[in-house]
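Asker: Input protein34.pdb, format and content: PDB, C-alpha atoms.
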```pdb
ATOM      1  CA  MET A 378     -30.695  19.330  83.794
ATOM      2  CA  LEU A 379     -31.571  21.286  80.644
ATOM      3  CA  PHE A 380     -31.707  19.189  77.447
ATOM      4  CA  PHE A 381     -32.161  20.074  73.788
ATOM      5  CA  GLU A 382     -35.945  19.746  74.057
ATOM      6  CA  ASP A 383     -36.030  22.311  76.902
ATOM      7  CA  VAL A 384     -34.213  25.142  75.110
ATOM      8  CA  GLU A 385     -36.584  28.058  74.399
ATOM      9  CA  LEU A 386     -36.009  30.153  71.305
ATOM     10  CA  GLY A 387     -35.970  33.945  71.559
ATOM     11  CA  ARG A 388     -35.236  33.903  75.268
ATOM     12  CA  THR A 389     -32.756  36.534  76.498
ATOM     13  CA  GLN A 390     -30.537  35.642  79.433
ATOM     14  CA  LYS A 391     -28.610  38.370  81.272
ATOM     15  CA  PHE A 392     -25.813  37.398  83.608
ATOM     16  CA  GLY A 393     -22.284  38.010  84.828
ATOM     17  CA  ALA A 394     -20.282  40.698  86.588
ATOM     18  CA  TYR A 395     -16.622  40.147  85.662
ATOM     19  CA  GLU A 396     -14.215  42.663  87.165
ATOM     20  CA  VAL A 397     -11.322  43.234  84.789
ATOM     21  CA  THR A 398      -8.085  43.828  86.679
ATOM     22  CA  ARG A 399      -4.909  45.352  85.296
ATOM     23  CA  GLU A 400      -2.958  42.378  86.609
ATOM     24  CA  GLU A 401      -5.111  39.889  84.702
ATOM     25  CA  VAL A 402      -5.101  41.975  81.501
ATOM     26  CA  ILE A 403      -1.313  42.069  81.468
ATOM     27  CA  ASP A 404      -0.960  38.419  82.531
ATOM     28  CA  PHE A 405      -3.224  37.222  79.693
ATOM     29  CA  ALA A 406      -1.572  39.491  77.118
ATOM     30  CA  SER A 407       1.914  38.413  78.232
ATOM     31  CA  LYS A 408       1.006  34.790  77.582
ATOM     32  CA  TYR A 409      -1.213  34.997  74.498
ATOM     33  CA  ASP A 410      -1.216  38.439  72.854
ATOM     34  CA  PRO A 411       1.958  40.355  73.728
ATOM     35  CA  GLN A 412       1.345  43.302  71.421
ATOM     36  CA  PRO A 413       2.699  46.520  73.024
ATOM     37  CA  PHE A 414      -0.721  48.187  73.284
ATOM     38  CA  HIS A 415      -1.979  45.364  75.526
ATOM     39  CA  LEU A 416       1.064  45.518  77.824
ATOM     40  CA  ASP A 417       2.226  49.102  78.206
ATOM     41  CA  ASP A 418       0.378  52.421  78.698
ATOM     42  CA  GLU A 419       2.987  54.443  76.815
ATOM     43  CA  ALA A 420       2.819  52.209  73.738
ATOM     44  CA  ALA A 421      -1.000  52.177  73.953
ATOM     45  CA  ALA A 422      -1.096  55.998  74.135
ATOM     46  CA  GLN A 423       0.204  56.095  70.567
ATOM     47  CA  THR A 424      -2.701  53.979  69.303
ATOM     48  CA  TYR A 425      -6.490  54.047  69.115
ATOM     49  CA  PHE A 426      -6.575  52.275  72.479
ATOM     50  CA  GLY A 427      -5.118  55.207  74.473
ATOM     51  CA  ARG A 428      -4.047  53.067  77.432
ATOM     52  CA  VAL A 429      -3.574  49.379  78.231
ATOM     53  CA  SER A 430      -6.611  47.390  77.115
ATOM     54  CA  ALA A 431      -7.497  43.701  77.160
ATOM     55  CA  SER A 432      -6.713  41.417  74.234
ATOM     56  CA  GLY A 433      -9.869  40.596  72.289
ATOM     57  CA  TRP A 434      -9.116  36.945  73.036
ATOM     58  CA  HIS A 435      -9.112  37.809  76.726
ATOM     59  CA  THR A 436     -12.516  39.502  76.373
ATOM     60  CA  SER A 437     -13.770  36.383  74.573
ATOM     61  CA  SER A 438     -12.356  34.164  77.329
ATOM     62  CA  MET A 439     -13.854  36.271  80.153
ATOM     63  CA  THR A 440     -17.183  36.096  78.336
ATOM     64  CA  MET A 441     -16.860  32.300  78.090
ATOM     65  CA  ARG A 442     -16.300  32.151  81.852
ATOM     66  CA  MET A 443     -19.518  34.054  82.465
ATOM     67  CA  MET A 444     -21.332  31.704  80.067
ATOM     68  CA  VAL A 445     -19.994  28.584  81.789
ATOM     69  CA  ASP A 446     -20.965  29.957  85.208
ATOM     70  CA  ASN A 447     -24.435  30.674  83.833
ATOM     71  CA  MET A 448     -24.675  27.128  82.416
ATOM     72  CA  ALA A 449     -23.611  25.708  85.774
ATOM     73  CA  ASN A 450     -26.392  27.672  87.449
ATOM     74  CA  ASN A 451     -28.857  26.284  84.875
ATOM     75  CA  ALA A 452     -27.246  22.871  84.403
ATOM     76  CA  GLN A 453     -27.163  21.936  80.726
ATOM     77  CA  ALA A 454     -26.319  18.673  79.030
ATOM     78  CA  SER A 455     -23.563  20.505  77.120
ATOM     79  CA  LEU A 456     -21.337  18.543  74.737
ATOM     80  CA  GLY A 457     -18.948  21.349  73.790
ATOM     81  CA  SER A 458     -18.912  23.543  70.725
ATOM     82  CA  PRO A 459     -17.783  23.195  67.112
ATOM     83  CA  GLY A 460     -16.962  26.907  66.862
ATOM     84  CA  VAL A 461     -18.228  30.480  66.880
ATOM     85  CA  ASP A 462     -19.034  33.009  64.152
ATOM     86  CA  GLU A 463     -18.565  36.747  63.713
ATOM     87  CA  ILE A 464     -16.636  37.824  66.766
ATOM     88  CA  ARG A 465     -16.574  41.634  66.750
ATOM     89  CA  TRP A 466     -14.477  43.556  69.271
ATOM     90  CA  LEU A 467     -16.439  46.799  69.260
ATOM     91  CA  ARG A 468     -14.751  48.842  71.971
ATOM     92  CA  PRO A 469     -11.609  48.478  74.072
ATOM     93  CA  VAL A 470     -11.958  46.721  77.431
ATOM     94  CA  TYR A 471      -9.909  48.491  80.096
ATOM     95  CA  PRO A 472      -8.669  47.507  83.547
ATOM     96  CA  GLY A 473     -11.346  48.598  86.016
ATOM     97  CA  ASP A 474     -14.217  47.692  83.684
ATOM     98  CA  THR A 475     -16.926  45.273  84.821
ATOM     99  CA  LEU A 476     -18.342  43.059  82.074
ATOM    100  CA  ARG A 477     -21.726  41.373  81.770
ATOM    101  CA  VAL A 478     -23.395  39.256  79.085
ATOM    102  CA  GLU A 479     -26.686  39.138  77.239
ATOM    103  CA  LEU A 480     -27.347  35.866  75.399
ATOM    104  CA  VAL A 481     -30.264  35.386  73.012
ATOM    105  CA  THR A 482     -31.082  31.881  71.792
ATOM    106  CA  THR A 483     -31.824  32.278  68.096
ATOM    107  CA  ASP A 484     -32.194  28.748  66.697
ATOM    108  CA  LYS A 485     -31.930  25.045  67.495
ATOM    109  CA  ARG A 486     -31.500  22.076  65.196
ATOM    110  CA  ARG A 487     -31.525  18.385  65.989
ATOM    111  CA  SER A 488     -28.659  16.463  64.387
ATOM    112  CA  ARG A 489     -29.799  14.226  61.516
ATOM    113  CA  SER A 490     -26.830  11.888  61.760
ATOM    114  CA  LYS A 491     -26.690  11.806  65.596
ATOM    115  CA  PRO A 492     -30.281  12.067  66.885
ATOM    116  CA  GLU A 493     -29.062  11.931  70.488
ATOM    117  CA  MET A 494     -27.759  15.507  70.147
ATOM    118  CA  GLY A 495     -28.616  18.893  68.698
ATOM    119  CA  SER A 496     -27.128  22.328  68.050
ATOM    120  CA  ILE A 497     -28.190  25.528  69.812
ATOM    121  CA  PHE A 498     -27.430  28.860  68.120
ATOM    122  CA  GLY A 499     -27.167  32.109  70.054
ATOM    123  CA  THR A 500     -26.078  35.714  69.853
ATOM    124  CA  VAL A 501     -23.868  36.963  72.665
ATOM    125  CA  THR A 502     -23.302  40.615  73.506
ATOM    126  CA  THR A 503     -20.797  41.583  76.189
ATOM    127  CA  PHE A 504     -21.328  45.000  77.801
ATOM    128  CA  ASN A 505     -19.165  47.167  80.042
ATOM    129  CA  GLN A 506     -20.385  49.016  83.137
ATOM    130  CA  HIS A 507     -21.539  51.936  80.966
ATOM    131  CA  ASP A 508     -23.898  49.548  79.123
ATOM    132  CA  GLU A 509     -21.775  49.948  76.001
ATOM    133  CA  PRO A 510     -21.382  46.757  73.932
ATOM    134  CA  VAL A 511     -17.707  45.760  73.830
ATOM    135  CA  MET A 512     -18.093  42.481  71.910
ATOM    136  CA  THR A 513     -20.637  40.471  69.952
ATOM    137  CA  LEU A 514     -20.360  36.910  68.705
ATOM    138  CA  LYS A 515     -22.539  34.088  67.470
ATOM    139  CA  THR A 516     -22.305  30.846  69.392
ATOM    140  CA  ILE A 517     -22.937  27.263  68.380
ATOM    141  CA  GLY A 518     -23.371  24.786  71.229
ATOM    142  CA  LEU A 519     -23.914  21.039  71.140
ATOM    143  CA  ILE A 520     -26.357  19.642  73.669
ATOM    144  CA  ARG A 521     -27.723  16.204  74.528
ATOM    145  CA  CYS A 522     -31.359  15.335  73.808
ATOM    146  CA  ARG A 523     -33.542  14.005  76.628
ATOM    147  CA  ASP A 524     -35.134  11.517  74.237
ATOM    148  CA  PRO A 525     -32.496  10.191  71.824
ATOM    149  CA  ARG A 526     -35.202   8.743  69.575
ATOM    150  CA  GLY A 527     -37.502  11.768  69.695
ATOM    151  CA  ASP A 528     -38.875  13.743  66.770
ATOM    152  CA  GLN A 529     -37.376  17.011  65.611
ATOM    153  CA  GLY A 530     -37.607  19.056  68.824
TER     154      GLY A 530
ATOM    155  CA  MET B 712       8.482  47.432  59.181
ATOM    156  CA  LEU B 713       5.758  45.882  57.019
ATOM    157  CA  PHE B 714       2.987  48.298  55.949
ATOM    158  CA  PHE B 715      -0.311  47.815  54.124
ATOM    159  CA  GLU B 716       1.355  48.366  50.753
ATOM    160  CA  ASP B 717       3.841  45.550  51.429
ATOM    161  CA  VAL B 718       1.326  42.794  52.183
ATOM    162  CA  GLU B 719       1.327  40.139  49.440
ATOM    163  CA  LEU B 720      -1.907  38.314  48.640
ATOM    164  CA  GLY B 721      -1.939  34.537  48.394
ATOM    165  CA  ARG B 722       1.224  34.157  50.413
ATOM    166  CA  THR B 723       1.291  31.250  52.879
ATOM    167  CA  GLN B 724       3.271  31.680  56.077
ATOM    168  CA  LYS B 725       4.077  28.662  58.257
ATOM    169  CA  PHE B 726       5.279  29.194  61.798
ATOM    170  CA  GLY B 727       5.072  28.204  65.432
ATOM    171  CA  ALA B 728       5.777  25.221  67.674
ATOM    172  CA  TYR B 729       3.619  25.607  70.765
ATOM    173  CA  GLU B 730       3.951  22.796  73.289
ATOM    174  CA  VAL B 731       0.645  22.251  75.054
ATOM    175  CA  THR B 732       1.165  21.255  78.680
ATOM    176  CA  ARG B 733      -1.397  19.658  80.967
ATOM    177  CA  GLU B 734      -0.695  22.336  83.566
ATOM    178  CA  GLU B 735      -1.492  25.154  81.135
ATOM    179  CA  VAL B 736      -4.617  23.413  79.763
ATOM    180  CA  ILE B 737      -6.047  23.059  83.269
ATOM    181  CA  ASP B 738      -4.925  26.554  84.343
ATOM    182  CA  PHE B 739      -6.640  28.178  81.350
ATOM    183  CA  ALA B 740      -9.807  26.081  81.730
ATOM    184  CA  SER B 741      -9.975  26.792  85.470
ATOM    185  CA  LYS B 742      -9.989  30.523  84.752
ATOM    186  CA  TYR B 743     -12.045  30.767  81.574
ATOM    187  CA  ASP B 744     -13.809  27.528  80.624
ATOM    188  CA  PRO B 745     -14.302  25.319  83.696
ATOM    189  CA  GLN B 746     -16.417  22.666  82.001
ATOM    190  CA  PRO B 747     -15.655  19.232  83.496
ATOM    191  CA  PHE B 748     -14.265  17.788  80.240
ATOM    192  CA  HIS B 749     -11.524  20.454  80.189
ATOM    193  CA  LEU B 750     -10.524  19.839  83.825
ATOM    194  CA  ASP B 751     -10.858  16.182  84.651
ATOM    195  CA  ASP B 752      -9.946  12.967  82.793
ATOM    196  CA  GLU B 753     -12.793  10.960  84.325
ATOM    197  CA  ALA B 754     -15.419  13.505  83.283
ATOM    198  CA  ALA B 755     -13.832  13.777  79.828
ATOM    199  CA  ALA B 756     -13.874   9.969  79.424
ATOM    200  CA  GLN B 757     -17.677  10.145  79.322
ATOM    201  CA  THR B 758     -17.631  12.572  76.377
ATOM    202  CA  TYR B 759     -16.417  12.781  72.790
ATOM    203  CA  PHE B 760     -13.131  14.221  74.108
ATOM    204  CA  GLY B 761     -12.035  10.992  75.868
ATOM    205  CA  ARG B 762      -9.541  12.756  78.142
ATOM    206  CA  VAL B 763      -8.707  16.300  79.254
ATOM    207  CA  SER B 764      -8.496  18.607  76.245
ATOM    208  CA  ALA B 765      -7.874  22.302  75.821
ATOM    209  CA  SER B 766     -10.713  24.819  75.719
ATOM    210  CA  GLY B 767     -11.308  26.060  72.183
ATOM    211  CA  TRP B 768     -10.624  29.550  73.519
ATOM    212  CA  HIS B 769      -7.275  28.300  74.752
ATOM    213  CA  THR B 770      -6.472  26.900  71.304
ATOM    214  CA  SER B 771      -7.455  30.278  69.811
ATOM    215  CA  SER B 772      -5.258  32.093  72.329
ATOM    216  CA  MET B 773      -2.246  29.822  71.751
ATOM    217  CA  THR B 774      -2.697  30.416  68.023
ATOM    218  CA  MET B 775      -2.778  34.174  68.624
ATOM    219  CA  ARG B 776       0.503  33.900  70.519
ATOM    220  CA  MET B 777       2.140  32.186  67.548
ATOM    221  CA  MET B 778       0.736  34.882  65.239
ATOM    222  CA  VAL B 779       2.050  37.709  67.416
ATOM    223  CA  ASP B 780       5.482  36.070  67.607
ATOM    224  CA  ASN B 781       5.440  35.750  63.826
ATOM    225  CA  MET B 782       4.451  39.425  63.440
ATOM    226  CA  ALA B 783       7.264  40.409  65.784
ATOM    227  CA  ASN B 784       9.701  38.500  63.606
ATOM    228  CA  ASN B 785       8.315  40.301  60.536
ATOM    229  CA  ALA B 786       7.535  43.627  62.219
ATOM    230  CA  GLN B 787       4.155  44.900  61.064
ATOM    231  CA  ALA B 788       2.507  48.275  61.577
ATOM    232  CA  SER B 789      -0.407  46.463  63.252
ATOM    233  CA  LEU B 790      -3.291  48.481  64.655
ATOM    234  CA  GLY B 791      -5.220  45.630  66.249
ATOM    235  CA  SER B 792      -8.252  43.755  64.958
ATOM    236  CA  PRO B 793     -11.995  44.389  64.752
ATOM    237  CA  GLY B 794     -12.775  40.682  65.027
ATOM    238  CA  VAL B 795     -12.555  37.227  63.504
ATOM    239  CA  ASP B 796     -14.954  35.050  61.530
ATOM    240  CA  GLU B 797     -15.802  31.344  61.427
ATOM    241  CA  ILE B 798     -13.757  29.824  64.201
ATOM    242  CA  ARG B 799     -14.047  26.054  63.877
ATOM    243  CA  TRP B 800     -12.614  23.750  66.507
ATOM    244  CA  LEU B 801     -12.140  20.654  64.368
ATOM    245  CA  ARG B 802     -10.382  18.234  66.691
ATOM    246  CA  PRO B 803      -9.556  18.154  70.394
ATOM    247  CA  VAL B 804      -6.184  19.589  71.458
ATOM    248  CA  TYR B 805      -4.590  17.422  74.130
ATOM    249  CA  PRO B 806      -1.801  17.963  76.634
ATOM    250  CA  GLY B 807       1.403  16.818  74.939
ATOM    251  CA  ASP B 808       0.361  18.163  71.517
ATOM    252  CA  THR B 809       2.580  20.633  69.663
ATOM    253  CA  LEU B 810       0.715  23.209  67.593
ATOM    254  CA  ARG B 811       1.785  25.142  64.518
ATOM    255  CA  VAL B 812       0.070  27.641  62.218
ATOM    256  CA  GLU B 813      -0.441  28.168  58.501
ATOM    257  CA  LEU B 814      -1.675  31.652  57.573
ATOM    258  CA  VAL B 815      -2.781  32.564  54.052
ATOM    259  CA  THR B 816      -3.380  36.223  53.231
ATOM    260  CA  THR B 817      -6.576  36.250  51.165
ATOM    261  CA  ASP B 818      -7.496  39.924  50.665
ATOM    262  CA  LYS B 819      -6.575  43.499  51.574
ATOM    263  CA  ARG B 820      -8.662  46.672  51.435
ATOM    264  CA  ARG B 821      -7.650  50.234  52.088
ATOM    265  CA  SER B 822     -10.065  52.126  54.325
ATOM    266  CA  ARG B 823     -12.105  54.728  52.436
ATOM    267  CA  SER B 824     -12.833  56.813  55.539
ATOM    268  CA  LYS B 825      -9.330  56.475  57.069
ATOM    269  CA  PRO B 826      -6.829  56.308  54.174
ATOM    270  CA  GLU B 827      -3.939  56.005  56.624
ATOM    271  CA  MET B 828      -4.980  52.416  57.350
ATOM    272  CA  GLY B 829      -6.250  49.259  55.693
ATOM    273  CA  SER B 830      -7.638  45.799  56.501
ATOM    274  CA  ILE B 831      -5.848  42.522  55.827
ATOM    275  CA  PHE B 832      -7.914  39.336  55.586
ATOM    276  CA  GLY B 833      -6.444  35.901  56.208
ATOM    277  CA  THR B 834      -7.272  32.255  56.760
ATOM    278  CA  VAL B 835      -5.565  30.589  59.698
ATOM    279  CA  THR B 836      -5.240  26.843  60.163
ATOM    280  CA  THR B 837      -3.744  25.428  63.347
ATOM    281  CA  PHE B 838      -2.283  21.927  63.092
ATOM    282  CA  ASN B 839      -1.169  19.393  65.668
ATOM    283  CA  GLN B 840       2.029  17.338  65.474
ATOM    284  CA  HIS B 841       0.246  14.730  63.321
ATOM    285  CA  ASP B 842      -0.433  17.461  60.704
ATOM    286  CA  GLU B 843      -4.136  17.220  61.515
ATOM    287  CA  PRO B 844      -5.978  20.551  61.452
ATOM    288  CA  VAL B 845      -7.365  21.302  64.934
ATOM    289  CA  MET B 846      -8.776  24.775  64.212
ATOM    290  CA  THR B 847      -9.526  27.147  61.350
ATOM    291  CA  LEU B 848     -10.529  30.795  61.531
ATOM    292  CA  LYS B 849     -10.677  33.880  59.349
ATOM    293  CA  THR B 850      -8.763  36.885  60.597
ATOM    294  CA  ILE B 851      -9.213  40.594  59.992
ATOM    295  CA  GLY B 852      -6.246  42.781  60.874
ATOM    296  CA  LEU B 853      -5.860  46.547  60.723
ATOM    297  CA  ILE B 854      -2.521  47.855  59.503
ATOM    298  CA  ARG B 855      -0.999  51.283  58.908
ATOM    299  CA  CYS B 856      -0.251  52.472  55.363
ATOM    300  CA  ARG B 857       3.226  53.651  54.469
ATOM    301  CA  ASP B 858       1.794  56.493  52.386
ATOM    302  CA  PRO B 859      -1.324  57.852  54.097
ATOM    303  CA  ARG B 860      -2.316  59.740  50.943
ATOM    304  CA  GLY B 861      -1.575  56.875  48.546
ATOM    305  CA  ASP B 862      -3.935  55.348  46.017
ATOM    306  CA  GLN B 863      -5.824  52.113  46.647
ATOM    307  CA  GLY B 864      -2.982  49.682  47.556
TER     308      GLY B 864
END
```
Would you mind writing the file's structure down as structure tokens?
Answerer:
Amino acid sequence: MLFFEDVELGRTQKFGAYEVTREEVIDFASKYDPQPFHLDDEAAAQTYFGRVSASGWHTSSMTMRMMVDNMANNAQASLGSPGVDEIRWLRPVYPGDTLRVELVTTDKRRSRSKPEMGSIFGTVTTFNQHDEPVMTLKTIGLIRCRDPRGDQG
Amino acid sequence: MLFFEDVELGRTQKFGAYEVTREEVIDFASKYDPQPFHLDDEAAAQTYFGRVSASGWHTSSMTMRMMVDNMANNAQASLGSPGVDEIRWLRPVYPGDTLRVELVTTDKRRSRSKPEMGSIFGTVTTFNQHDEPVMTLKTIGLIRCRDPRGDQG
């Protein structure tokens, strides 16, 4: 189990291979983002997107799945997240794309008020199969400390 | 159809009544955020969440659905979004909750390089049925201009 004290700054993790299907793109958009350009090729052809593309929220959610699978492979004492910063949807994600993630851990801070936990800050970039970045975002994760009475780790 | 020129700054829109079901919370988490505290009451009981709660990405996606429905009711010449800033998941969202949205339009800027479009900036707050904020985020939306050769709107 990986605790706050174990998190290395500056480390880059690369993981994931999420195959984006047309069925899933349209299912997600139907439920959560039913704008015509996410549902219908003809409507999309009249926009920047050109053809049906995934909702940015779907891209974010697929990225989260890859991050959770990566955490499960490197079990972390995760306590959830208070939010994320600066999501940028850089390029459309199309059915047939395969996504992967690069995650760089940029900072960590022990909580002053709750010394049994700390925050981990990271930058996430999601790429398509052409190694083009399709999304970036900045994550904040809460994680348990191994030693709840330890010094600033 | 609402164009860039029509968007009023400082206006607050209130809309939505999204009923959060246990089935949907677990379905979304199974696909996109399968951390134990989003799937299982016993695992959640050992965390801050107490019982099964929705993934923050699910809360974001449900909020997007309410925003799209609101746009459809007030048809906008929307061109998608380059991203969002400062998502904060403030409180857990539980099965049985009903969510609603308050959206304040804070700024608008016509594109210098593409005068046929502009950006609309807004602050979104999602509330539960107890009028407690469960999420805030800052949106950026692209929208078509009525007059593509018009002055700064």
Asker: Using all atoms listed in the file, which chain A residues lie at most 6 Å away from chain B, written as a PyMOL selection string?
Answerer: chain A and resi 409-410+438-439+442+459-466
Asker: Would you mind exporting C-alpha atoms of the selected residues as a compact mmCIF listing (two decimals), in the coordinates of the input?
Answerer:
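Output (result16.txt):
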```txt
# COMPACT_ATOMS: atom_id res chain seq x y z
CA TYR A 409 -1.21 35.00 74.50
CA ASP A 410 -1.22 38.44 72.85
CA SER A 438 -12.36 34.16 77.33
CA MET A 439 -13.85 36.27 80.15
CA ARG A 442 -16.30 32.15 81.85
CA PRO A 459 -17.78 23.20 67.11
CA GLY A 460 -16.96 26.91 66.86
CA VAL A 461 -18.23 30.48 66.88
CA ASP A 462 -19.03 33.01 64.15
CA GLU A 463 -18.57 36.75 63.71
CA ILE A 464 -16.64 37.82 66.77
CA ARG A 465 -16.57 41.63 66.75
CA TRP A 466 -14.48 43.56 69.27
```
Asker: Using all atoms listed in the file, determine which residues lie at most 12 Å from Glu509 (chain A), disregarding the query and same-chain residues fewer than 3 positions distant; provide the list as a PDB file with C-alpha atoms, in the coordinates of the input.
Answerer:
```
ATOM      1  CA  TRP A 466     -14.477  43.556  69.271  1.00  0.00           C
ATOM      2  CA  LEU A 467     -16.439  46.799  69.260  1.00  0.00           C
ATOM      3  CA  ARG A 468     -14.751  48.842  71.971  1.00  0.00           C
ATOM      4  CA  PRO A 469     -11.609  48.478  74.072  1.00  0.00           C
ATOM      5  CA  VAL A 470     -11.958  46.721  77.431  1.00  0.00           C
ATOM      6  CA  ASP A 474     -14.217  47.692  83.684  1.00  0.00           C
ATOM      7  CA  THR A 475     -16.926  45.273  84.821  1.00  0.00           C
ATOM      8  CA  LEU A 476     -18.342  43.059  82.074  1.00  0.00           C
ATOM      9  CA  ARG A 477     -21.726  41.373  81.770  1.00  0.00           C
ATOM     10  CA  VAL A 478     -23.395  39.256  79.085  1.00  0.00           C
ATOM     11  CA  GLU A 479     -26.686  39.138  77.239  1.00  0.00           C
ATOM     12  CA  THR A 502     -23.302  40.615  73.506  1.00  0.00           C
ATOM     13  CA  THR A 503     -20.797  41.583  76.189  1.00  0.00           C
ATOM     14  CA  PHE A 504     -21.328  45.000  77.801  1.00  0.00           C
ATOM     15  CA  ASN A 505     -19.165  47.167  80.042  1.00  0.00           C
ATOM     16  CA  GLN A 506     -20.385  49.016  83.137  1.00  0.00           C
ATOM     17  CA  MET A 512     -18.093  42.481  71.910  1.00  0.00           C
ATOM     18  CA  THR A 513     -20.637  40.471  69.952  1.00  0.00           C
TER      19      THR A 513
END
```
Asker: Can you turn the PyMOL selection byres ((chain B and resi 859) around 6) into a concrete residue list for this file, as a ChimeraX atom specification?
Answerer: /B:826-827,856,858,860-861
Asker: Between CA of Ile517 (chain A) and CA of Phe498 (chain A), what is the distance, to one decimal in Å?
Answerer: 4.8 Å
Asker: Any idea what the distance is between CA of Glu396 (chain A) and CA of Ile737 (chain B)?
Answerer: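 If I compute the distance from CA of Glu396 (chain A) to CA of Ile737 (chain B), I get 21.6 Å.
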Asker: How big is the axis-aligned box around all listed atoms of region 780-799 of chain B once 5 Å goes on each side, and where's its centre, in Å to one decimal, as JSON?
Answerer:
```
{"center_x": -3.1, "center_y": 37.3, "center_z": 64.1, "size_x": 35.5, "size_y": 32.4, "size_z": 17.1}
```
Asker: For Phe715 (chain B), please output as a list in words all residues within 6 Å (counting only C-alpha atoms; exclusion window: fewer than 3 positions along the same chain).
Answerer: Val718, Ile854, Arg855 and Cys856 of chain B
Asker: What is the distance, in Å and to one decimal place, between CA of Lys725 (chain B) and CA of Ser822 (chain B)?
Answerer: 27.7 Å
Asker: Expand the PyMOL selection byres ((chain B and resi 816) around 7) into the explicit residue set it covers here, and present it as a list in words.
Answerer: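 That expression, the PyMOL selection byres ((chain B and resi 816) around 7), corresponds here to Leu720, Gly721, Arg722, Thr723, Leu814, Val815, Thr817, Asp818, Phe832, Gly833 and Thr834 of chain B.
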Asker: Name the residues that the PyMOL selection byres ((chain B and resi 734) around 12) picks from the file above, as a list in words, using the file's chain letters and numbers.
Answerer: Glu730, Val731, Thr732, Arg733, Glu735, Val736, Ile737, Asp738, Phe739, Ala740, Ser741, His749, Leu750, Asp751, Val763, Ser764, Ala765, Tyr805, Pro806 and Gly807 of chain B
Asker: Now that the selection is made, can you save its residues with C-alpha atoms as an mmCIF file, keeping the file's coordinate frame?
Answerer:
```cif
data_model
loop_
_atom_site.group_PDB
_atom_site.id
_atom_site.type_symbol
_atom_site.label_atom_id
_atom_site.label_comp_id
_atom_site.auth_asym_id
_atom_site.auth_seq_id
_atom_site.Cartn_x
_atom_site.Cartn_y
_atom_site.Cartn_z
ATOM 1 C CA GLU B 730 3.951 22.796 73.289
ATOM 2 C CA VAL B 731 0.645 22.251 75.054
ATOM 3 C CA THR B 732 1.165 21.255 78.680
ATOM 4 C CA ARG B 733 -1.397 19.658 80.967
ATOM 5 C CA GLU B 735 -1.492 25.154 81.135
ATOM 6 C CA VAL B 736 -4.617 23.413 79.763
ATOM 7 C CA ILE B 737 -6.047 23.059 83.269
ATOM 8 C CA ASP B 738 -4.925 26.554 84.343
ATOM 9 C CA PHE B 739 -6.640 28.178 81.350
ATOM 10 C CA ALA B 740 -9.807 26.081 81.730
ATOM 11 C CA SER B 741 -9.975 26.792 85.470
ATOM 12 C CA HIS B 749 -11.524 20.454 80.189
ATOM 13 C CA LEU B 750 -10.524 19.839 83.825
ATOM 14 C CA ASP B 751 -10.858 16.182 84.651
ATOM 15 C CA VAL B 763 -8.707 16.300 79.254
ATOM 16 C CA SER B 764 -8.496 18.607 76.245
ATOM 17 C CA ALA B 765 -7.874 22.302 75.821
ATOM 18 C CA TYR B 805 -4.590 17.422 74.130
ATOM 19 C CA PRO B 806 -1.801 17.963 76.634
ATOM 20 C CA GLY B 807 1.403 16.818 74.939
#
```
Asker: Taking only C-alpha atoms into account, name the residue in A:Phe380, A:Ser490, A:Thr436, A:Val501 that is nearest to Leu519 (chain A).
Answerer: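 With only C-alpha atoms as the atom set, the closest residue is A:Phe380.
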Asker: Using only C-alpha atoms, give me every residue within 7 Å of (8.2, 43.1, 57.7) in file coordinates, as a ChimeraX atom specification.
Answerer: /B:712-713,785-787
Asker: From the set A:Val511, A:Gly495, A:Arg428, A:Ala421, which residue has the shortest atom-to-atom contact distance to Glu382 (chain A), counting only C-alpha atoms?
Answerer: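 Result for the nearest residue to Glu382 (chain A): A:Gly495.
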Asker: Can you give me N, CA and C atoms for region 730-738 of chain B, written as a short mmCIF file (atom, residue, chain, number, x, y, z; two decimals), in the frame of the given file?
Answerer:
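Heads up, here's the output in rebuild39.cif:
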```cif
data_model
loop_
_atom_site.label_atom_id
_atom_site.label_comp_id
_atom_site.auth_asym_id
_atom_site.auth_seq_id
_atom_site.Cartn_x
_atom_site.Cartn_y
_atom_site.Cartn_z
N GLU B 730 4.11 24.04 72.53
CA GLU B 730 3.95 22.80 73.29
C GLU B 730 2.85 22.97 74.33
N VAL B 731 1.83 22.15 74.20
CA VAL B 731 0.64 22.25 75.05
C VAL B 731 0.87 21.39 76.29
N THR B 732 0.95 22.03 77.45
CA THR B 732 1.16 21.26 78.68
C THR B 732 -0.16 21.04 79.42
N ARG B 733 -0.21 19.96 80.15
CA ARG B 733 -1.40 19.66 80.97
C ARG B 733 -1.65 20.77 81.98
N GLU B 734 -0.57 21.28 82.56
CA GLU B 734 -0.70 22.34 83.57
C GLU B 734 -1.36 23.58 82.96
N GLU B 735 -0.93 23.95 81.75
CA GLU B 735 -1.49 25.15 81.14
C GLU B 735 -2.94 24.92 80.69
N VAL B 736 -3.24 23.72 80.17
CA VAL B 736 -4.62 23.41 79.76
C VAL B 736 -5.56 23.57 80.95
N ILE B 737 -5.16 23.03 82.09
CA ILE B 737 -6.05 23.06 83.27
C ILE B 737 -6.08 24.46 83.87
N ASP B 738 -4.95 25.18 83.84
CA ASP B 738 -4.92 26.55 84.34
C ASP B 738 -5.87 27.45 83.53
#
```
